[in-house]
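A.B. asks: Mind looking over this structure? Questions follow.
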Amino acid sequence: MSLYSQESTEDTRDELETLGWYHYDLSRHAAEALLLSNGSDGSYLLRTSNEGAGCFALSVRAKDSVRHFHVTRRDNGYIFGFHQFSTLHDFVDHFANQPLLGSDTGTLIVLKCPYPWRVEEPSIYESVRVHTAIQTGRTVNDLVANAASNWKQRWFILNRYDLKYFKDRMSEEPIRTLDLRACSAVQFDYSQDRVNCFCLVFPERTFYLCAKTGVEADEWIKILRWKLSQTRMGR
């Protein structure tokens with residue numbers, strides 16, 4: 001008879017919390033955006049996978065793309081690639097020696113440096129100085145969308161201060177490149193006919209985007225706001 005112990009699960013969670021490059025429930029999409037915008041070739045991080053208990057993902061930046069590899073936690077240790085490590089310490093020591101990985105596509109990747117979970121980020125909140133109603137007597141029923149409901153699915157890549165979007169993931173040339181140094185604000189938007197929407201405000205146009213989930217939208221907003229704060233610090 002097999003029994004599952006809650007204590008062992010908690011011990012594993014506590015053990016991983018000591019790992020400075022474990023990013024908890026960071027999504028695949030957010031890991032790609034984070035490593036492409038702030039990491040370097042060979043940067044990597046560990047995150048929880050949605051494939052079940054004891055399943056994790058190692059996300060690694062390989063030049064201008066990010067690859068993901070399975071890491072499994074079992075009672076007898078951690079399994080990664082062709083190796084099994086009996087303790088977390090042995091698992092981390094393996095990465096200290098900058099291992100070389102070969103992916104299914106034949107790409108060779110050197111794991112050079114972990115991307116830390118705790119990264120100092122400046123405050124991006126502003127104080128409200130003006131707050132008054134322009135019109136009176138209106139209710140929630142008077143709210144209307146101020147943008148056309150012509151939504152198209154696009155593939156986005158964030159690299160440094162360039163936010164590029166493509167027709168799909170396989171497209172090589174972007175439809176457009178947005179220079180975040182010209183962006184004045186990134187915020188949730190509730191004026192659209194969809195949920196999980198946010199917008200990027202540029203001098204000539206406001207771009208409306210819609211994520212699959214609220215968590216994914218929040219992650220994109222945090223990353224994009226952090227990029228904006230970096231451009232302002234450099235001015």
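In the structure tokens, the first chain shown is A, the next is B, and so on; residue numbers restart at 1 for each chain, and ligands run from 1 in the order shown.
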Leu36 in chain A: which residues within 8 Å, counting only C-alpha atoms, same-chain residues fewer than 2 positions away excluded, as a PyMOL selection string?

C.D. replies: chain A and resi 32-34+38-40+61+64-66+157-160

A.B. asks: If you keep N, CA, C and O atoms, can you produce a file of those selected residues as a JSON list (two decimals), in the first residue's frame?

C.D. replies:
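Contents of out32.json, freshly written:
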[["chain", "number", "residue", "atom", "x", "y", "z"],
["A", 32, "GLU", "N", 10.31, 33.16, -19.99],
["A", 32, "GLU", "CA", 10.91, 33.53, -21.26],
["A", 32, "GLU", "C", 11.12, 35.03, -21.36],
["A", 32, "GLU", "O", 12.19, 35.51, -21.76],
["A", 33, "ALA", "N", 10.10, 35.79, -20.98],
["A", 33, "ALA", "CA", 10.21, 37.25, -21.03],
["A", 33, "ALA", "C", 11.29, 37.75, -20.09],
["A", 33, "ALA", "O", 12.07, 38.66, -20.43],
["A", 34, "LEU", "N", 11.38, 37.15, -18.91],
["A", 34, "LEU", "CA", 12.36, 37.59, -17.91],
["A", 34, "LEU", "C", 13.79, 37.31, -18.37],
["A", 34, "LEU", "O", 14.66, 38.19, -18.30],
["A", 38, "ASN", "N", 16.28, 40.43, -19.31],
["A", 38, "ASN", "CA", 17.24, 40.78, -18.27],
["A", 38, "ASN", "C", 18.40, 39.80, -18.13],
["A", 38, "ASN", "O", 19.40, 40.14, -17.49],
["A", 39, "GLY", "N", 18.26, 38.60, -18.68],
["A", 39, "GLY", "CA", 19.32, 37.61, -18.55],
["A", 39, "GLY", "C", 20.34, 37.72, -19.67],
["A", 39, "GLY", "O", 20.33, 38.65, -20.47],
["A", 40, "SER", "N", 21.24, 36.77, -19.71],
["A", 40, "SER", "CA", 22.26, 36.70, -20.75],
["A", 40, "SER", "C", 22.35, 35.26, -21.24],
["A", 40, "SER", "O", 21.71, 34.37, -20.68],
["A", 61, "ARG", "N", 18.27, 30.39, -21.07],
["A", 61, "ARG", "CA", 18.38, 31.26, -22.23],
["A", 61, "ARG", "C", 19.49, 30.75, -23.14],
["A", 61, "ARG", "O", 20.62, 30.52, -22.70],
["A", 64, "ASP", "N", 19.04, 34.02, -28.41],
["A", 64, "ASP", "CA", 17.82, 34.81, -28.51],
["A", 64, "ASP", "C", 16.55, 33.98, -28.28],
["A", 64, "ASP", "O", 15.46, 34.38, -28.69],
["A", 65, "SER", "N", 16.70, 32.84, -27.64],
["A", 65, "SER", "CA", 15.54, 32.01, -27.34],
["A", 65, "SER", "C", 15.69, 31.43, -25.94],
["A", 65, "SER", "O", 16.74, 31.57, -25.31],
["A", 66, "VAL", "N", 14.64, 30.79, -25.45],
["A", 66, "VAL", "CA", 14.67, 30.16, -24.13],
["A", 66, "VAL", "C", 14.21, 28.72, -24.28],
["A", 66, "VAL", "O", 13.18, 28.44, -24.91],
["A", 157, "ILE", "N", 7.78, 38.77, -28.08],
["A", 157, "ILE", "CA", 9.11, 38.52, -27.52],
["A", 157, "ILE", "C", 9.66, 39.84, -26.98],
["A", 157, "ILE", "O", 9.67, 40.86, -27.69],
["A", 158, "LEU", "N", 10.10, 39.82, -25.73],
["A", 158, "LEU", "CA", 10.69, 41.01, -25.12],
["A", 158, "LEU", "C", 12.19, 40.81, -25.03],
["A", 158, "LEU", "O", 12.68, 39.88, -24.40],
["A", 159, "ASN", "N", 12.94, 41.70, -25.69],
["A", 159, "ASN", "CA", 14.40, 41.62, -25.70],
["A", 159, "ASN", "C", 14.96, 43.00, -25.44],
["A", 159, "ASN", "O", 14.81, 43.90, -26.25],
["A", 160, "ARG", "N", 15.56, 43.16, -24.28],
["A", 160, "ARG", "CA", 16.04, 44.46, -23.82],
["A", 160, "ARG", "C", 14.89, 45.46, -23.79],
["A", 160, "ARG", "O", 13.93, 45.25, -23.07]]

A.B. asks: Quick one: residues within 8 Å of Lys227 in chain A, only C-alpha atoms, excluding same-chain residues fewer than 2 positions away - as a list in words?

C.D. replies: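 After dropping sequence-adjacent residues, the list is Arg160, Tyr161, Leu180, Ile223, Leu224, Arg225, Ser229, Gln230 and Thr231 of chain A.
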
A.B. asks: Give me, as a PyMOL selection string, all polymer residues having an atom no more than 8 Å from range 98-113 of chain A, counting only C-alpha atoms and skipping those fewer than 4 positions away in the same chain.

C.D. replies: chain A and resi 41-44+60+62+94

A.B. asks: Quick one: residues within 9 Å of Leu26 in chain A, only C-alpha atoms, excluding same-chain residues fewer than 5 positions away - as a ChimeraX atom specification?

C.D. replies: /A:31,47-49,219

A.B. asks: Based on the selection just made, write C-alpha atoms of those residues as a short mmCIF file (atom, residue, chain, number, x, y, z; two decimals), in the first residue's frame.

C.D. replies:
data_model
loop_
_atom_site.label_atom_id
_atom_site.label_comp_id
_atom_site.auth_asym_id
_atom_site.auth_seq_id
_atom_site.Cartn_x
_atom_site.Cartn_y
_atom_site.Cartn_z
CA ALA A 31 10.23 33.00 -17.57
CA ARG A 47 10.39 27.02 -11.56
CA THR A 48 7.42 24.84 -10.70
CA SER A 49 5.92 22.93 -13.61
CA GLU A 219 3.35 39.04 -14.87
#

A.B. asks: Using DSSP on the backbone, list every residue of range 27-199 of chain A that comes out as strand (DSSP E), and give them as an MDAnalysis selection string.

C.D. replies: chainID A and resid 43:48 55:62 65:74 77:80 83:85 100:102 108:110 113:114 155:159 162:166 176:179 185:188 197:199

A.B. asks: Which residues, written as a list in words, have at least one atom at most 12 Å from Arg205 in chain A, with only C-alpha atoms counted and residues fewer than 4 positions away on the same chain left out?

C.D. replies: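 In the requested form, the answer reads Ala147, Leu178, Ala182, Cys183, Ser184, Ala185, Cys199, Leu200 and Val201 of chain A.
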
A.B. asks: Quick one: of A:Phe56, A:Phe207, A:Trp226, A:Tyr22, who's nearest to Val92 in chain A, counting only C-alpha atoms?

C.D. replies: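 Once distances to Val92 in chain A are computed over only C-alpha atoms, the minimum belongs to A:Tyr22.
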